[in-house]
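Chemist: My questions will all concern the structure given below.
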Amino acid sequence: MLRQFGGVLIEPPVADIVAIEMEDRFGHRISYLRVSITDRCNERCNYCMPRELQEWLPRDEILSYEETLRLVRIAADLGVTKVRVTGGEPLTRRDVIDFVRAIPKISGISSLGISTNGTLLGRDVGGKTMAAALGDAGVQSVNISLDTLDRNLYAQITGRDFHAQVLEGIDAAIAAGFDQIKLNAVLMRGRNEDQLIPLIEFAAERNLILRFIELMPVSTTEVLTEQNFLPVAEAKRAIESRYGALIPEQSFRTNGPATYYQIPGRNQRVGFIGAMTNLHFCESCNKLRLTCDGKLRPCLGSYLEFDIMKPLRAGASDDELRQFFIDVVDRKPEQHDFRNNYQPDRKMIAIGG
Ligand SMILES: C[S@@+](CC[C@H](N)C(=O)[O-])C[C@H]1O[C@@H](n2cnc3c(N)ncnc32)[C@H](O)[C@@H]1O
Ligand code: SF4
């Protein structure tokens, strides 16, 4: 992007670079950056991390907030408009509110979301709930994980008895008035099959979007087996046997891979994230991930990851970092590798869901 001025080649000012967009080899325009800010978590979901004591990454191997914000700025220069903060559990990291407050101030970022297990949303932070503080800081959308309404099952799945806190967190999120709140439930055969209808009713009573997610081999835990896998098609059939045929909603998009449906006779939307069984899953992918330890991952279901922390800490210029992003996007695979007997080499918690 060098321009000629009076015979001299000069770098364009950053403002000019706003027009550059990242597009991969398959025509996916990358406009969404998922940013993990920690590998730590206050829960131990059995599909995400092993139950035994976790070795967390040392602090100096985690990007500082300043470093992360610089990379978000670089991504925004290159056409990223949407950021979702995740983890681990992002709300366990100190000063997270100050960090998220800085994101909407970045030129080009128009959408900010956070993914959380919900346990800390109701916690008091300086006279308001964490949820309200996040809303005040500019977070527009919150995804909250909730696999079951059964307290005992919740404790079995997450390794923690935090069900009441999550329900409180959901109430706090509703009270905070976010533009969008989604509940995410990971499907597990023999575990939460009987929770589909209760979860739908729970979401309906609160006017929340509920999404069912297929178990993905993204982590090194023993529950990611064929036997525990429940395809979204089966969950959909079970839901239809209760409510009648779901009505596809082609037009509704949340910048994500979910397929949405309306429940007949009511104004309720449910989504299905069929990463394993939906052969078109990757077609609309617009996403790039930044792990908390400074790796750019072009795809959740691929071993590819590129260490941007190294050049960042070695003093790379903004131009060099922009080029790094562009090169990573250029290596984005056409689709994930989950269906090819994919063996995860990292825990989900360290990648950022
Ligand atoms: C890794 S978590 C990070 C954010 C936050 N701690 C939470 O639980 O929402 C993001 C999402 O990934 C999902 N997840 C984790 N492991 C998964 C797996 N093996 N298959 C499918 N989804 C998974 C979680 O249920 C959650 O909705
Ligand atoms: S899914 Fe979220 S809450 Fe559960 S262990 Fe992973 S990071 Fe923690």
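Ligands are numbered from 1 in the order shown, residues from 1 within each chain, and chains are lettered A, B, ... in the order they appear in the structure tokens.
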Taking 5 positions as the minimum chain separation for residues in the same chain, which residues sit within 10 Å of Glu214 of chain A when counting only C-alpha atoms? Answer as a VMD selection string.

Modeler: chain A and resid 185 to 188 229 to 233 235 272 to 277

Chemist: If you keep N, CA, C and O atoms, can you produce a file of those selected residues as an mmCIF file, in the first residue's frame?

Modeler:
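So the final result, stored in selection_19.cif, reads:
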data_model
loop_
_atom_site.group_PDB
_atom_site.id
_atom_site.type_symbol
_atom_site.label_atom_id
_atom_site.label_comp_id
_atom_site.auth_asym_id
_atom_site.auth_seq_id
_atom_site.Cartn_x
_atom_site.Cartn_y
_atom_site.Cartn_z
ATOM 1 N N ALA A 185 -25.995 -23.744 25.192
ATOM 2 C CA ALA A 185 -26.012 -25.048 25.854
ATOM 3 C C ALA A 185 -25.274 -26.061 24.988
ATOM 4 O O ALA A 185 -25.643 -26.271 23.826
ATOM 5 N N VAL A 186 -24.249 -26.664 25.547
ATOM 6 C CA VAL A 186 -23.525 -27.716 24.825
ATOM 7 C C VAL A 186 -24.312 -29.018 24.982
ATOM 8 O O VAL A 186 -24.700 -29.390 26.090
ATOM 9 N N LEU A 187 -24.558 -29.683 23.862
ATOM 10 C CA LEU A 187 -25.355 -30.916 23.879
ATOM 11 C C LEU A 187 -24.478 -32.113 24.242
ATOM 12 O O LEU A 187 -23.421 -32.317 23.635
ATOM 13 N N MET A 188 -24.955 -32.899 25.202
ATOM 14 C CA MET A 188 -24.234 -34.127 25.546
ATOM 15 C C MET A 188 -25.229 -35.259 25.737
ATOM 16 O O MET A 188 -26.117 -35.178 26.595
ATOM 17 N N PHE A 229 -21.640 -37.704 22.090
ATOM 18 C CA PHE A 229 -21.998 -36.721 21.061
ATOM 19 C C PHE A 229 -23.486 -36.785 20.728
ATOM 20 O O PHE A 229 -24.037 -37.861 20.472
ATOM 21 N N LEU A 230 -24.135 -35.652 20.743
ATOM 22 C CA LEU A 230 -25.557 -35.567 20.393
ATOM 23 C C LEU A 230 -25.695 -34.571 19.239
ATOM 24 O O LEU A 230 -25.450 -33.371 19.430
ATOM 25 N N PRO A 231 -26.050 -35.063 18.048
ATOM 26 C CA PRO A 231 -26.109 -34.145 16.903
ATOM 27 C C PRO A 231 -27.247 -33.139 17.038
ATOM 28 O O PRO A 231 -28.297 -33.447 17.611
ATOM 29 N N VAL A 232 -27.051 -31.948 16.486
ATOM 30 C CA VAL A 232 -28.104 -30.926 16.581
ATOM 31 C C VAL A 232 -29.393 -31.396 15.907
ATOM 32 O O VAL A 232 -30.483 -31.046 16.354
ATOM 33 N N ALA A 233 -29.273 -32.217 14.855
ATOM 34 C CA ALA A 233 -30.481 -32.666 14.146
ATOM 35 C C ALA A 233 -31.372 -33.471 15.097
ATOM 36 O O ALA A 233 -32.599 -33.367 15.054
ATOM 37 N N ALA A 235 -31.414 -33.183 18.404
ATOM 38 C CA ALA A 235 -31.982 -32.238 19.379
ATOM 39 C C ALA A 235 -33.155 -31.493 18.746
ATOM 40 O O ALA A 235 -34.206 -31.311 19.372
ATOM 41 N N PHE A 272 -28.967 -23.437 16.419
ATOM 42 C CA PHE A 272 -28.223 -24.696 16.486
ATOM 43 C C PHE A 272 -26.838 -24.464 15.892
ATOM 44 O O PHE A 272 -26.724 -23.942 14.774
ATOM 45 N N ILE A 273 -25.828 -24.847 16.638
ATOM 46 C CA ILE A 273 -24.457 -24.713 16.146
ATOM 47 C C ILE A 273 -23.942 -26.124 15.910
ATOM 48 O O ILE A 273 -23.486 -26.806 16.824
ATOM 49 N N GLY A 274 -24.065 -26.543 14.655
ATOM 50 C CA GLY A 274 -23.736 -27.931 14.312
ATOM 51 C C GLY A 274 -22.369 -28.014 13.678
ATOM 52 O O GLY A 274 -22.229 -28.395 12.510
ATOM 53 N N ALA A 275 -21.359 -27.693 14.461
ATOM 54 C CA ALA A 275 -20.001 -27.634 13.899
ATOM 55 C C ALA A 275 -19.574 -28.964 13.285
ATOM 56 O O ALA A 275 -18.814 -29.001 12.323
ATOM 57 N N MET A 276 -20.080 -30.067 13.848
ATOM 58 C CA MET A 276 -19.628 -31.372 13.388
ATOM 59 C C MET A 276 -20.461 -31.896 12.221
ATOM 60 O O MET A 276 -19.926 -32.543 11.313
ATOM 61 N N THR A 277 -21.760 -31.641 12.260
ATOM 62 C CA THR A 277 -22.640 -32.293 11.281
ATOM 63 C C THR A 277 -23.086 -31.377 10.146
ATOM 64 O O THR A 277 -23.564 -31.866 9.128
#

Chemist: With only C-alpha atoms as the counted atoms, please give the residues lying no more than 6 Å from segment 30-38 of chain A, apart from itself and same-chain residues fewer than 4 positions off, as a list in words.

Modeler: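 Listed by chain and then number, they are Met22, Glu23, Gly79, Val80, Thr81, Lys82, Val83, Arg84, Val85, Thr86, Gly87, Gly88, Asn286, Lys287, Leu288, Arg289, Leu290, Thr291, Cys292 and Gly352 of chain A.
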
Chemist: Counting only C-alpha atoms and all ligand atoms, name the residues that have an atom within 7 Å of an atom of ligand 1; the answer should be given as a PyMOL selection string.

Modeler: chain A and resi 41+47-48+86-90+115-117+143-145+184-186+213-219+224+348-349+352-353

Chemist: Pick from A:Val96, A:Leu121, A:Ala245, A:Cys45: nearest to Gln156 of chain A, with only C-alpha atoms counted?

Modeler: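 Residue with the minimum atom-to-atom distance to Gln156 of chain A: A:Cys45.
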
Chemist: List every residue of segment 30-219 of chain A that DSSP, applied to the backbone of this structure, places in helix (DSSP H, G or I), and write the result as a PyMOL selection string.

Modeler: chain A and resi 59-61+65-77+90-92+96-102+130-136+151-158+163-176+193-206

Chemist: Atom CA of Pro248 of chain A and atom 2 (Fe, counted along the ligand's line) of ligand 2 are how many Å apart?

Modeler: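 Separation of atom CA of Pro248 of chain A and atom 2 (Fe, counted along the ligand's line) of ligand 2: 28.7 Å.
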
Chemist: Quick one: DSSP strand (DSSP E or B) residues in segment 282-342 of chain A, as a list in words?

Modeler: Lys287, Leu288, Arg289, Leu290, Lys295, Leu296, Arg297, Phe306 and Asp307 of chain A

Chemist: Compare A:Asp60, A:Asp150, A:Asp136, A:Glu193 by their minimum atom-to-atom distance to Gly177 of chain A, counting only C-alpha atoms, and give me the closest one.

Modeler: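 Checking each of A:Asp60, A:Asp150, A:Asp136, A:Glu193 against Gly177 of chain A, counting only C-alpha atoms, the winner is A:Asp136.
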
Chemist: Choose the residue, out of A:Asn152, A:Asn228, A:Thr221, A:Asn278, that has the smallest atom-to-atom separation from ligand 2; count only C-alpha atoms and all ligand atoms.

Modeler: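 Of the candidates, the smallest distance to ligand 2 is held by A:Thr221.
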
Chemist: Check the smallest atom-to-atom distance from each of A:Ile103, A:Val166, A:Ala131, A:Leu112 to ligand 2 using only C-alpha atoms and all ligand atoms, then report the winner.

Modeler: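 Closest residue, counting only C-alpha atoms and all ligand atoms: A:Val166.
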
Chemist: Ranking A:Ala137, A:Ala76, A:Met309, A:Leu71 by minimum distance to Asp95 of chain A and counting only C-alpha atoms, which one comes first?

Modeler: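 Checking each candidate against Asp95 of chain A, we get A:Ala137 as the closest.
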